[in-house]
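What follows is a single structure, written as structure tokens, with notes after it.
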Amino acid sequence: MSGVLPAESFVKELRAYGTRRVTGVPCGHLAGPWTLFDRAGDLTPAASEGAALALAAGWELAGEQAAVLCQNSGFGNLVNPLTSLVLPYRVSVLVVMTLRGWPDPGEDEAQHAVMGSATLSMLAGFGIPHTVLRPDGLGEALDDAARARAKNDPFFLLVPRKSIGKAAEKEPVRESGLTRAAAVAALFEQLTDELLVTTTGYLSRQAHHERDRPETFYMQGSMGHAAAIGLGLATARPGRRVVVLDGDGAFLMHLGTGSTVAASGAAQLVHVVVDNGCYESTGCQRSTSAGLDWDSLGGGLGYRTVLTCDDESTLTVKVRAALSAPGPVLCVLKAAPTPDEVHPRASAAMGLDAVAERFRGAAAGQAS
Ligand SMILES: Cc1ncc(C[n+]2csc(CCOP(=O)(O)OP(=O)(O)O)c2C)c(N)n1
């Protein structure tokens, strides 16, 4: 036995257990089951893990058995509705959560180390039944889940990395339009000594690949919080231009921060969102940005300037305009996913604490 469960059998067993509807935020290590549930029309992508748990609770309250798929980096997002909704109201939801940073934090990316070491003890602290998936299948775990369900308890099925296979076919990839590489290159062409905060996933890697610079804060974890960091910088250093490089999934995860940024009136803050319609970094699962009217959203939130671009011919002009317009600026670059073009993380070259230390020095300097 290879120790890798085929995605098809994983989904079959979950369905046999009674799972009707699935929601969550994707993790690359659950990409196979995610794709299969989505293709079957049973999956609703949620903006955050907390929203996913509440959505699943809604299904359960309506009598439909539900599961949440997520990664333990999103466990923090999930804790509030877990402790103040699902547990006290006794709504049984199955949470299938991958264990990044576990069992050996040193074998995974640095941003997963703290949560990897804490996940099991946090669940124990909340008194939540949980089982780590075994390579021989879900049998034992789902027996445990059924016992929890009988008592109206939630249940966590914990999935170690690399334990479930991919779905048989790859989703077709949109081919036309801007690319992540072109969008990031166009941004870097305009940068001098601006402070830059780059979001979780491939965009941070792309920025590091394009040009490593002390003025860049590579935010490898804390998905959705790049703009809040940028706002902290912009308000603490009003003489300095601050640029945030975000993804559509991350922007939507904490959409409220857009309102905070806009309301701050931070004139030198530029929020660039690369909207590729998906969570490219975890396998191109669709996000919910497809029907989004960014002009209305940005204007409605109160960004002072909103610019959108979906073609290479106007890219440079738009990015240049974004960097000189009165802020807060929202600049949305619509890009096609290019999942085969991936670069190493900044943390392959330096520790996360070194990223912060170097950035502190750059932020303390005077703008030229
Ligand atoms: C709270 C949290 N949930 C899930 C993840 C796993 N994750 C890492 S990158 C990523 C996708 C980010 O999507 P988007 O912001 O659209 O950027 P893209 O990957 O498309 O460049 C996800 C879901 C995470 N790191 N943190």
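Ligands are numbered from 1 in the order shown, residues from 1 within each chain, and chains are lettered A, B, ... in the order they appear in the structure tokens.
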
### Message
Show me which residues are within 7 Å of ligand 1 counting only C-alpha atoms and all ligand atoms, and format the list as a PyMOL selection string.
### Response
chain A and resi 25-27+48-49+70-71+73-74+77+199-203+221-223+246-251+275-282+284+287

### Task
Apply DSSP to the structure's backbone, then extract all residues of region 168-309 of chain A labelled helix (DSSP H, G or I) and return them as a ChimeraX atom specification.
/A:180-190,202-210,226-236,248-253,256-264,280-282,294-301

### Task
Identify, on the basis of only C-alpha atoms, every residue whose closest approach to Thr257 (chain A) does not exceed 9 Å; exclude the query and any residue fewer than 3 positions from it along the same chain; express the result as a ChimeraX atom specification.
/A:224-225,227-228,251,254,260-262

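When the distance limit is 12 Å and only C-alpha atoms are what count, the residues near Gly63 (chain A), minus those fewer than 5 positions from it on the same chain, are Gly18, Thr19, Arg20, Arg21, Ala56, Ala57, Gly58, Val91, Ser92 and Val93 of chain A.
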
Write a file of the selected residues as a compact mmCIF listing (two decimals), in the first residue's frame, keeping N, CA and C atoms.
```
# COMPACT_ATOMS: atom_id res chain seq x y z
N GLY A 18 -22.79 9.75 4.59
CA GLY A 18 -24.00 10.58 4.58
C GLY A 18 -23.76 12.03 4.20
N THR A 19 -22.50 12.40 3.89
CA THR A 19 -22.21 13.80 3.56
C THR A 19 -22.92 14.18 2.27
N ARG A 20 -23.76 15.22 2.36
CA ARG A 20 -24.52 15.67 1.18
C ARG A 20 -23.90 16.93 0.59
N ARG A 21 -23.51 17.84 1.46
CA ARG A 21 -23.03 19.14 0.98
C ARG A 21 -21.69 19.46 1.62
N ALA A 56 -22.10 25.40 6.96
CA ALA A 56 -22.37 23.98 7.19
C ALA A 56 -23.36 23.81 8.35
N ALA A 57 -23.25 24.66 9.36
CA ALA A 57 -24.21 24.59 10.48
C ALA A 57 -25.62 24.87 9.96
N GLY A 58 -25.74 25.83 9.03
CA GLY A 58 -27.04 26.13 8.43
C GLY A 58 -27.62 24.92 7.71
N VAL A 91 -24.59 21.58 17.35
CA VAL A 91 -24.82 21.27 15.93
C VAL A 91 -23.64 20.43 15.47
N SER A 92 -23.90 19.23 15.03
CA SER A 92 -22.82 18.34 14.64
C SER A 92 -22.39 18.62 13.20
N VAL A 93 -21.15 19.04 13.02
CA VAL A 93 -20.61 19.25 11.67
C VAL A 93 -19.31 18.46 11.57
```

### Query
Which residues come within 7 Å of His29 (chain A), counting only C-alpha atoms, excluding same-chain residues fewer than 4 positions away, as a list of chain:residue names?
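The residues satisfying every condition are A:Thr98, A:Arg161, A:Lys162, A:Ile164.
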
### Query
If you measure from CA of Pro238 (chain A) to CA of Gly299 (chain A), what distance in Å do you get, rounded to one decimal?
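So the answer is 22.8 Å.
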
From a DSSP calculation on the backbone, collect every residue of region 167-284 of chain A in strand (DSSP E) and output the set as a PDB file with C-alpha atoms, in the first residue's frame.
```
ATOM      1  CA  LEU A 178      -2.726  38.807 -18.309  1.00  0.00           C
ATOM      2  CA  THR A 179      -0.568  36.473 -16.288  1.00  0.00           C
ATOM      3  CA  LEU A 195       7.065  49.438   1.141  1.00  0.00           C
ATOM      4  CA  LEU A 196       5.393  46.353  -0.325  1.00  0.00           C
ATOM      5  CA  VAL A 197       3.371  43.663   1.461  1.00  0.00           C
ATOM      6  CA  THR A 198       2.766  40.514  -0.585  1.00  0.00           C
ATOM      7  CA  THR A 216       9.141  43.795   0.644  1.00  0.00           C
ATOM      8  CA  PHE A 217       7.359  42.036   3.484  1.00  0.00           C
ATOM      9  CA  TYR A 218       6.591  38.508   2.280  1.00  0.00           C
ATOM     10  CA  VAL A 242       2.811  51.556   0.709  1.00  0.00           C
ATOM     11  CA  VAL A 243       1.735  48.933  -1.821  1.00  0.00           C
ATOM     12  CA  VAL A 244      -0.196  45.755  -0.992  1.00  0.00           C
ATOM     13  CA  LEU A 245      -0.133  42.881  -3.473  1.00  0.00           C
ATOM     14  CA  ASP A 246      -3.203  40.718  -2.849  1.00  0.00           C
ATOM     15  CA  GLY A 247      -5.086  37.794  -4.392  1.00  0.00           C
ATOM     16  CA  LEU A 269      -1.828  53.303   0.165  1.00  0.00           C
ATOM     17  CA  VAL A 270      -2.159  51.313  -3.068  1.00  0.00           C
ATOM     18  CA  HIS A 271      -3.987  47.987  -2.880  1.00  0.00           C
ATOM     19  CA  VAL A 272      -3.249  45.860  -5.937  1.00  0.00           C
ATOM     20  CA  VAL A 273      -5.363  42.712  -6.346  1.00  0.00           C
ATOM     21  CA  VAL A 274      -4.459  40.063  -8.906  1.00  0.00           C
ATOM     22  CA  ASP A 275      -7.828  38.478  -9.671  1.00  0.00           C
ATOM     23  CA  CYS A 278      -9.372  31.084  -8.279  1.00  0.00           C
ATOM     24  CA  TYR A 279      -7.201  29.921  -5.421  1.00  0.00           C
TER      25      TYR A 279
END
```
